[in-house]
Amino acid sequence: VLCAASPIPEDARPVLEKCDVAEGYGSQYAEFQQIITTTSGQKRTLVIRAWAVDNGEKQLSEYLDPADIKGQRILMTEDGDNIWMFNPETRRTRKLGSHMKKKKVMGSDFTYEYQAGGKLSEKFEGSVVREEEQGGVDCYVLELVPTPKGPSYRKIIAFIGKADYITRRVDYIQDEETEPFKRLILEDVRPVGKKIVAHKMTMTNLLDRTETVNLIDRVQFEVEIPDSVFESRNLER
C-alpha cells in the first residue's frame with residue numbers, strides 16, 4: 001500500500017516579501033500610549049511620540065509622560081546596531097553597548113532588538129507550514145529562523161493575513177525550547193490612508209507573566225522628516 005507523501009512546506013520568502021510591502025514605509029510619525037503591566041499586576045502608562053524612516057532603519061522616540069521620564073529620547077540607527085539615549089536631567093547623551101539590544105526598553109516587554117527596523121525577508125527565512133485563523137482572520141503560518149542579519153531568537157512562528165499580508169501574531173522561541181516565551185498579538189487593524197495598520201499591539205512575556213500594550217493614537221506615513229532628526233548630536237536640542 002502506497003502512502004500519500006506529505007506536502008513539502010512552501011518557501012516563506014514570497015509571503016515575507018509581500019508582508020514587507022504591506023507593512024513597509026519610507027517615513028512614519030506616530031503618537032501612542034504604552035501600558036506596562038508588571039508581574040504583580042501594577043500598571044504604568046507611558047506616552048510616546050516617534051519618528052522613523054526606511055522601515056525603521058532610523059528611528060527616534062521621545063517620552064512625553066509620566067513626569068519622571070518626560071523628555072527622555074532614544075535614537076536607533078543601522079537597524080538598532082547604534083543606540084543613543086538622552087537624559088533631560090543631566091542634559092547628556094550616552095551611547096548604549098551592543099549587548100543592550102536584548103534588553104527591555106524603558107521597562108516594557110519590547111526589546112531594542114524588537115524595535116529595530118528592517119525587512120522581514122532580510123531578517124528571516126523559513127517555510128509556510130500551514131494555514132490557520134488568528135483573531136478571525138485567515139492566516140499563513142510561517143516557521144522562521146533568523147538570517148545572519150536577524151535577531152537573537154532561535155525561531156519565530158508568524159501568522160500573516162492571507163488577504164492583506166499584515167502580521168496578526170508572532171510567537172518567539174529561544175534556545176532549545178519548543179514553546180514560546182513571548183507572544184505578540186496585533187489587533188484593531190484598519191486603514192490609514194493607503195496603508196493598513198494594527199492600532200493595538202500586545203506583547204506578553206509568557207514566563208514572567210508581564211504584558212505591554214501599545215495603543216496608537218495617531219500615525220502618518222510618508223511625512224517629511226529632516227535627516228538631522230536622526231543625528232545623535234541633536235538629541236540635546
# chains A, B, ... in the order shown; residues from 1 in each chain; ligands from 1

$ select_by_dssp --residues "region 30-200 of chain A" --states "strand (DSSP E or B)" --output "VMD selection string"
chain A and resid 30 to 37 43 to 53 58 to 65 73 to 77 82 to 87 92 to 96 104 111 124 to 134 137 to 146 155 to 161 167 to 173 182 to 192 195 to 200

$ residues_around --residues "region 150-160 of chain A" --least-positions-apart "3" --cutoff "7 Å" --atoms "only C-alpha atoms" --output "compact mmCIF listing (two decimals) with all heavy atoms, in the first residue's frame"
# COMPACT_ATOMS: atom_id res chain seq x y z
N GLU A 113 16.02 45.19 20.32
CA GLU A 113 16.14 44.30 19.17
C GLU A 113 14.82 44.20 18.43
O GLU A 113 14.78 44.25 17.19
CB GLU A 113 16.58 42.92 19.65
CG GLU A 113 16.83 41.91 18.58
CD GLU A 113 17.40 40.63 19.16
OE1 GLU A 113 16.77 40.04 20.06
OE2 GLU A 113 18.48 40.23 18.72
N LYS A 123 15.64 39.48 7.36
CA LYS A 123 15.99 39.04 8.71
C LYS A 123 15.61 37.59 9.02
O LYS A 123 16.11 37.00 9.97
CB LYS A 123 15.35 39.96 9.75
CG LYS A 123 15.93 41.37 9.73
CD LYS A 123 15.50 42.15 10.96
CE LYS A 123 16.29 43.43 11.07
NZ LYS A 123 16.04 44.14 12.34
N PHE A 124 14.70 37.02 8.20
CA PHE A 124 14.23 35.66 8.47
C PHE A 124 14.11 34.85 7.19
O PHE A 124 13.94 35.40 6.10
CB PHE A 124 12.86 35.69 9.17
CG PHE A 124 12.88 36.25 10.55
CD1 PHE A 124 12.54 37.58 10.78
CD2 PHE A 124 13.23 35.46 11.64
CE1 PHE A 124 12.55 38.10 12.06
CE2 PHE A 124 13.25 35.98 12.93
CZ PHE A 124 12.91 37.30 13.14
N CYS A 139 -4.95 33.14 8.06
CA CYS A 139 -3.53 33.50 8.02
C CYS A 139 -2.67 32.37 7.46
O CYS A 139 -3.00 31.19 7.59
CB CYS A 139 -3.01 33.81 9.43
SG CYS A 139 -3.72 35.29 10.19
N TYR A 140 -1.56 32.76 6.85
CA TYR A 140 -0.46 31.84 6.60
C TYR A 140 0.33 31.75 7.91
O TYR A 140 0.59 32.77 8.56
CB TYR A 140 0.47 32.36 5.52
CG TYR A 140 -0.15 32.46 4.14
CD1 TYR A 140 -0.37 33.70 3.55
CD2 TYR A 140 -0.47 31.32 3.42
CE1 TYR A 140 -0.92 33.80 2.29
CE2 TYR A 140 -1.03 31.41 2.15
CZ TYR A 140 -1.25 32.65 1.59
OH TYR A 140 -1.79 32.75 0.34
N VAL A 141 0.72 30.52 8.28
CA VAL A 141 1.55 30.34 9.46
C VAL A 141 2.96 30.00 8.99
O VAL A 141 3.17 29.00 8.30
CB VAL A 141 0.99 29.24 10.38
CG1 VAL A 141 1.87 29.10 11.62
CG2 VAL A 141 -0.44 29.56 10.79
N LEU A 142 3.91 30.86 9.36
CA LEU A 142 5.29 30.71 8.90
C LEU A 142 6.19 30.30 10.06
O LEU A 142 6.10 30.88 11.16
CB LEU A 142 5.81 32.04 8.32
CG LEU A 142 5.38 32.44 6.91
CD1 LEU A 142 3.87 32.53 6.78
CD2 LEU A 142 6.01 33.77 6.53
N GLU A 143 7.03 29.30 9.82
CA GLU A 143 8.07 28.93 10.78
C GLU A 143 9.38 29.50 10.26
O GLU A 143 9.85 29.11 9.18
CB GLU A 143 8.15 27.41 10.93
CG GLU A 143 9.10 26.96 12.02
CD GLU A 143 9.02 25.47 12.28
OE1 GLU A 143 7.90 24.98 12.57
OE2 GLU A 143 10.07 24.80 12.18
N LEU A 144 9.96 30.42 11.03
CA LEU A 144 11.08 31.20 10.54
C LEU A 144 12.29 31.14 11.48
O LEU A 144 12.12 31.11 12.70
CB LEU A 144 10.67 32.66 10.37
CG LEU A 144 9.45 32.93 9.48
CD1 LEU A 144 9.00 34.38 9.62
CD2 LEU A 144 9.74 32.59 8.03
N VAL A 145 13.46 31.13 10.89
CA VAL A 145 14.71 31.22 11.66
C VAL A 145 15.46 32.46 11.18
O VAL A 145 15.32 32.88 10.03
CB VAL A 145 15.58 29.96 11.49
CG1 VAL A 145 14.88 28.75 12.07
CG2 VAL A 145 15.94 29.73 10.03
N PRO A 146 16.27 33.07 12.06
CA PRO A 146 16.96 34.30 11.67
C PRO A 146 18.06 34.05 10.64
O PRO A 146 18.74 33.02 10.65
CB PRO A 146 17.58 34.79 12.99
CG PRO A 146 16.85 34.05 14.06
CD PRO A 146 16.47 32.74 13.48
N THR A 147 18.23 35.00 9.74
CA THR A 147 19.39 35.04 8.85
C THR A 147 20.52 35.69 9.65
O THR A 147 20.33 36.13 10.79
CB THR A 147 19.08 35.90 7.61
OG1 THR A 147 18.88 37.26 8.02
CG2 THR A 147 17.83 35.39 6.89
N TYR A 165 -1.72 40.55 4.07
CA TYR A 165 -0.31 40.34 4.41
C TYR A 165 0.13 41.21 5.60
O TYR A 165 1.30 41.59 5.71
CB TYR A 165 0.60 40.57 3.19
CG TYR A 165 0.38 39.49 2.15
CD1 TYR A 165 -0.54 39.69 1.11
CD2 TYR A 165 1.04 38.27 2.23
CE1 TYR A 165 -0.78 38.69 0.17
CE2 TYR A 165 0.80 37.27 1.30
CZ TYR A 165 -0.10 37.49 0.27
OH TYR A 165 -0.34 36.50 -0.65
N ILE A 166 -0.79 41.47 6.51
CA ILE A 166 -0.49 42.16 7.75
C ILE A 166 -0.29 41.12 8.85
O ILE A 166 -1.08 40.18 8.98
CB ILE A 166 -1.62 43.14 8.13
CG1 ILE A 166 -1.78 44.21 7.04
CG2 ILE A 166 -1.34 43.79 9.48
CD1 ILE A 166 -0.57 45.10 6.83
N THR A 167 0.75 41.29 9.65
CA THR A 167 1.05 40.36 10.74
C THR A 167 -0.04 40.44 11.81
O THR A 167 -0.43 41.53 12.23
CB THR A 167 2.41 40.68 11.37
OG1 THR A 167 3.41 40.72 10.34
CG2 THR A 167 2.79 39.64 12.41
N ARG A 168 -0.52 39.26 12.24
CA ARG A 168 -1.55 39.20 13.29
C ARG A 168 -1.02 38.61 14.60
O ARG A 168 -1.58 38.88 15.66
CB ARG A 168 -2.74 38.36 12.82
CG ARG A 168 -3.59 38.94 11.68
CD ARG A 168 -3.78 40.42 11.77
NE ARG A 168 -4.95 40.95 11.08
CZ ARG A 168 -5.03 41.19 9.77
NH1 ARG A 168 -4.02 40.90 8.97
NH2 ARG A 168 -6.12 41.73 9.24
N ARG A 169 0.04 37.81 14.52
CA ARG A 169 0.58 37.19 15.75
C ARG A 169 1.99 36.70 15.47
O ARG A 169 2.31 36.27 14.36
CB ARG A 169 -0.31 36.01 16.18
CG ARG A 169 0.27 35.11 17.26
CD ARG A 169 -0.73 34.02 17.62
NE ARG A 169 -0.09 32.86 18.20
CZ ARG A 169 -0.71 31.72 18.50
NH1 ARG A 169 -2.01 31.61 18.28
NH2 ARG A 169 -0.05 30.70 19.01
N VAL A 170 2.84 36.80 16.50
CA VAL A 170 4.19 36.25 16.42
C VAL A 170 4.51 35.56 17.73
O VAL A 170 4.36 36.16 18.81
CB VAL A 170 5.26 37.34 16.15
CG1 VAL A 170 6.64 36.69 15.99
CG2 VAL A 170 4.92 38.15 14.91
N ASP A 171 4.94 34.30 17.67
CA ASP A 171 5.44 33.56 18.83
C ASP A 171 6.96 33.52 18.76
O ASP A 171 7.52 33.19 17.71
CB ASP A 171 4.89 32.13 18.85
CG ASP A 171 3.41 32.07 19.20
OD1 ASP A 171 2.83 33.13 19.53
OD2 ASP A 171 2.83 30.97 19.14
N TYR A 172 7.61 33.84 19.88
CA TYR A 172 9.07 33.89 19.93
C TYR A 172 9.60 32.71 20.73
O TYR A 172 9.17 32.49 21.88
CB TYR A 172 9.53 35.20 20.58
CG TYR A 172 9.09 36.44 19.82
CD1 TYR A 172 7.84 37.02 20.07
CD2 TYR A 172 9.89 37.01 18.86
CE1 TYR A 172 7.41 38.15 19.38
CE2 TYR A 172 9.48 38.15 18.16
CZ TYR A 172 8.25 38.70 18.43
OH TYR A 172 7.84 39.81 17.74
N ILE A 173 10.52 31.97 20.14
CA ILE A 173 11.07 30.77 20.77
C ILE A 173 12.58 30.94 20.89
O ILE A 173 13.26 31.33 19.94
CB ILE A 173 10.73 29.52 19.95
CG1 ILE A 173 9.21 29.37 19.85
CG2 ILE A 173 11.36 28.27 20.57
CD1 ILE A 173 8.74 28.32 18.87
N GLN A 174 13.11 30.67 22.07
CA GLN A 174 14.54 30.87 22.31
C GLN A 174 15.24 29.56 22.67
O GLN A 174 14.62 28.59 23.09
CB GLN A 174 14.76 31.89 23.43
CG GLN A 174 14.22 31.47 24.79
CD GLN A 174 14.38 32.52 25.86
OE1 GLN A 174 15.05 33.54 25.64
NE2 GLN A 174 13.79 32.32 27.02
N ASP A 175 16.56 29.57 22.51
CA ASP A 175 17.42 28.45 22.89
C ASP A 175 16.87 27.13 22.34
O ASP A 175 16.52 27.04 21.19
CB ASP A 175 17.60 28.42 24.41
CG ASP A 175 18.16 29.74 24.95
OD1 ASP A 175 18.96 30.35 24.24
OD2 ASP A 175 17.76 30.14 26.04

$ residues_around --residues "region 30-47 of chain A" --least-positions-apart "2" --cutoff "7 Å" --atoms "only C-alpha atoms" --output "ChimeraX atom specification"
/A:28,49-51,63-66,108,208-220

$ residues_around --residues "Val189 (chain A)" --least-positions-apart "3" --cutoff "12 Å" --atoms "only C-alpha atoms" --output "list of chain:residue names"
A:Glu23, A:Gly135, A:Gly136, A:Val137, A:Gly161, A:Asp164, A:Tyr165, A:Ile166, A:Thr167, A:Arg168, A:Ile185, A:Leu186, A:Val192, A:Lys195, A:Ile196, A:Val197, A:Ala198, A:His199, A:Lys200, A:Met201, A:Leu215, A:Ile216

$ closest_atom_pairs --of "region 17-53 of chain A" --to "region 114-117 of chain A" --cutoff "10 Å" --atoms "only C-alpha atoms" --output "tab-separated table"
residue	atom	partner	partner_atom	distance
A:Gly24	CA	A:Gly117	CA	9.7
A:Ala52	CA	A:Gly117	CA	8.9
A:Val53	CA	A:Gly117	CA	9.1

$ write_last_selection --atoms "N, CA and C atoms" --output "mmCIF file, in the first residue's frame"
data_model
loop_
_atom_site.group_PDB
_atom_site.id
_atom_site.type_symbol
_atom_site.label_atom_id
_atom_site.label_comp_id
_atom_site.auth_asym_id
_atom_site.auth_seq_id
_atom_site.Cartn_x
_atom_site.Cartn_y
_atom_site.Cartn_z
ATOM 1 N N GLY A 24 5.626 48.059 5.112
ATOM 2 C CA GLY A 24 6.775 48.943 4.955
ATOM 3 C C GLY A 24 6.385 50.393 4.739
ATOM 4 N N ALA A 52 10.347 57.807 12.238
ATOM 5 C CA ALA A 52 11.138 56.716 11.670
ATOM 6 C C ALA A 52 11.189 56.854 10.157
ATOM 7 N N VAL A 53 12.282 56.352 9.568
ATOM 8 C CA VAL A 53 12.423 56.328 8.113
ATOM 9 C C VAL A 53 12.950 54.964 7.687
#

$ residues_around --residues "Gln59 (chain A)" --least-positions-apart "4" --cutoff "12 Å" --atoms "only C-alpha atoms" --output "PyMOL selection string"
chain A and resi 26-30+49-55+73-84+112+115-118+225-232

$ select_by_dssp --residues "region 80-124 of chain A" --states "alpha helix (DSSP H)" --output "PyMOL selection string"
chain A and resi 112-115+120-123

$ decode --residues "region 112-142 of chain A" --atoms "N, CA, C and O atoms" --output "mmCIF file, in the first residue's frame"
data_model
loop_
_atom_site.group_PDB
_atom_site.id
_atom_site.type_symbol
_atom_site.label_atom_id
_atom_site.label_comp_id
_atom_site.auth_asym_id
_atom_site.auth_seq_id
_atom_site.Cartn_x
_atom_site.Cartn_y
_atom_site.Cartn_z
ATOM 1 N N TYR A 112 15.042 46.444 22.525
ATOM 2 C CA TYR A 112 15.625 47.270 21.466
ATOM 3 C C TYR A 112 15.719 46.456 20.176
ATOM 4 O O TYR A 112 15.509 46.980 19.080
ATOM 5 N N GLU A 113 16.022 45.193 20.324
ATOM 6 C CA GLU A 113 16.138 44.302 19.173
ATOM 7 C C GLU A 113 14.818 44.199 18.425
ATOM 8 O O GLU A 113 14.782 44.247 17.188
ATOM 9 N N TYR A 114 13.711 44.085 19.172
ATOM 10 C CA TYR A 114 12.401 44.014 18.531
ATOM 11 C C TYR A 114 12.088 45.319 17.812
ATOM 12 O O TYR A 114 11.556 45.327 16.698
ATOM 13 N N GLN A 115 12.399 46.441 18.465
ATOM 14 C CA GLN A 115 12.046 47.737 17.894
ATOM 15 C C GLN A 115 12.889 48.098 16.673
ATOM 16 O O GLN A 115 12.512 48.979 15.891
ATOM 17 N N ALA A 116 14.042 47.434 16.532
ATOM 18 C CA ALA A 116 14.884 47.726 15.370
ATOM 19 C C ALA A 116 14.115 47.449 14.084
ATOM 20 O O ALA A 116 13.317 46.524 14.004
ATOM 21 N N GLY A 117 14.346 48.276 13.086
ATOM 22 C CA GLY A 117 13.596 48.159 11.847
ATOM 23 C C GLY A 117 14.162 47.104 10.915
ATOM 24 O O GLY A 117 14.830 46.160 11.331
ATOM 25 N N GLY A 118 13.895 47.290 9.640
ATOM 26 C CA GLY A 118 14.372 46.343 8.635
ATOM 27 C C GLY A 118 13.241 45.537 8.026
ATOM 28 O O GLY A 118 12.081 45.642 8.432
ATOM 29 N N LYS A 119 13.602 44.741 7.033
ATOM 30 C CA LYS A 119 12.633 43.937 6.317
ATOM 31 C C LYS A 119 12.638 42.492 6.821
ATOM 32 O O LYS A 119 13.701 41.905 7.036
ATOM 33 N N LEU A 120 11.443 41.927 6.986
ATOM 34 C CA LEU A 120 11.331 40.534 7.429
ATOM 35 C C LEU A 120 12.055 39.587 6.474
ATOM 36 O O LEU A 120 12.698 38.628 6.904
ATOM 37 N N SER A 121 11.954 39.875 5.179
ATOM 38 C CA SER A 121 12.560 38.980 4.182
ATOM 39 C C SER A 121 14.088 38.987 4.236
ATOM 40 O O SER A 121 14.725 38.082 3.710
ATOM 41 N N GLU A 122 14.662 39.995 4.886
ATOM 42 C CA GLU A 122 16.119 40.059 5.050
ATOM 43 C C GLU A 122 16.554 39.489 6.395
ATOM 44 O O GLU A 122 17.687 39.054 6.535
ATOM 45 N N LYS A 123 15.636 39.478 7.362
ATOM 46 C CA LYS A 123 15.995 39.038 8.713
ATOM 47 C C LYS A 123 15.606 37.593 9.016
ATOM 48 O O LYS A 123 16.114 37.005 9.967
ATOM 49 N N PHE A 124 14.704 37.019 8.199
ATOM 50 C CA PHE A 124 14.233 35.662 8.472
ATOM 51 C C PHE A 124 14.109 34.853 7.188
ATOM 52 O O PHE A 124 13.936 35.400 6.101
ATOM 53 N N GLU A 125 14.173 33.540 7.350
ATOM 54 C CA GLU A 125 13.912 32.613 6.261
ATOM 55 C C GLU A 125 13.210 31.396 6.851
ATOM 56 O O GLU A 125 13.321 31.122 8.046
ATOM 57 N N GLY A 126 12.470 30.676 6.008
ATOM 58 C CA GLY A 126 11.758 29.514 6.529
ATOM 59 C C GLY A 126 10.676 29.045 5.594
ATOM 60 O O GLY A 126 10.778 29.206 4.373
ATOM 61 N N SER A 127 9.615 28.484 6.189
ATOM 62 C CA SER A 127 8.577 27.827 5.396
ATOM 63 C C SER A 127 7.185 28.237 5.849
ATOM 64 O O SER A 127 6.974 28.638 6.999
ATOM 65 N N VAL A 128 6.241 28.122 4.916
ATOM 66 C CA VAL A 128 4.823 28.216 5.253
ATOM 67 C C VAL A 128 4.389 26.820 5.673
ATOM 68 O O VAL A 128 4.396 25.897 4.866
ATOM 69 N N VAL A 129 4.053 26.641 6.933
ATOM 70 C CA VAL A 129 3.803 25.298 7.444
ATOM 71 C C VAL A 129 2.325 24.922 7.470
ATOM 72 O O VAL A 129 1.977 23.737 7.456
ATOM 73 N N ARG A 130 1.443 25.938 7.502
ATOM 74 C CA ARG A 130 0.011 25.630 7.500
ATOM 75 C C ARG A 130 -0.769 26.933 7.334
ATOM 76 O O ARG A 130 -0.193 28.015 7.253
ATOM 77 N N GLU A 131 -2.079 26.794 7.284
ATOM 78 C CA GLU A 131 -2.971 27.949 7.300
ATOM 79 C C GLU A 131 -3.862 27.826 8.528
ATOM 80 O O GLU A 131 -4.300 26.727 8.879
ATOM 81 N N GLU A 132 -4.093 28.952 9.200
ATOM 82 C CA GLU A 132 -4.848 28.916 10.455
ATOM 83 C C GLU A 132 -5.474 30.276 10.709
ATOM 84 O O GLU A 132 -4.938 31.314 10.297
ATOM 85 N N GLU A 133 -6.593 30.282 11.398
ATOM 86 C CA GLU A 133 -7.263 31.533 11.726
ATOM 87 C C GLU A 133 -6.645 32.155 12.975
ATOM 88 O O GLU A 133 -6.314 31.450 13.936
ATOM 89 N N GLN A 134 -6.456 33.468 12.965
ATOM 90 C CA GLN A 134 -5.984 34.203 14.130
ATOM 91 C C GLN A 134 -6.809 35.480 14.258
ATOM 92 O O GLN A 134 -6.800 36.320 13.364
ATOM 93 N N GLY A 135 -7.544 35.580 15.362
ATOM 94 C CA GLY A 135 -8.374 36.755 15.571
ATOM 95 C C GLY A 135 -9.442 36.925 14.510
ATOM 96 O O GLY A 135 -9.791 38.055 14.142
ATOM 97 N N GLY A 136 -9.952 35.813 13.980
ATOM 98 C CA GLY A 136 -10.994 35.867 12.976
ATOM 99 C C GLY A 136 -10.491 36.120 11.567
ATOM 100 O O GLY A 136 -11.286 36.329 10.648
ATOM 101 N N VAL A 137 -9.159 36.063 11.385
ATOM 102 C CA VAL A 137 -8.552 36.328 10.083
ATOM 103 C C VAL A 137 -7.813 35.080 9.604
ATOM 104 O O VAL A 137 -7.038 34.476 10.352
ATOM 105 N N ASP A 138 -8.053 34.682 8.367
ATOM 106 C CA ASP A 138 -7.325 33.549 7.783
ATOM 107 C C ASP A 138 -5.872 33.953 7.556
ATOM 108 O O ASP A 138 -5.598 34.984 6.910
ATOM 109 N N CYS A 139 -4.951 33.140 8.060
ATOM 110 C CA CYS A 139 -3.531 33.498 8.018
ATOM 111 C C CYS A 139 -2.668 32.368 7.463
ATOM 112 O O CYS A 139 -3.000 31.190 7.592
ATOM 113 N N TYR A 140 -1.557 32.763 6.852
ATOM 114 C CA TYR A 140 -0.464 31.840 6.605
ATOM 115 C C TYR A 140 0.330 31.746 7.908
ATOM 116 O O TYR A 140 0.589 32.767 8.559
ATOM 117 N N VAL A 141 0.717 30.524 8.275
ATOM 118 C CA VAL A 141 1.548 30.341 9.463
ATOM 119 C C VAL A 141 2.960 29.997 8.992
ATOM 120 O O VAL A 141 3.168 28.999 8.299
ATOM 121 N N LEU A 142 3.910 30.856 9.355
ATOM 122 C CA LEU A 142 5.287 30.712 8.904
ATOM 123 C C LEU A 142 6.188 30.304 10.061
ATOM 124 O O LEU A 142 6.103 30.876 11.158
#
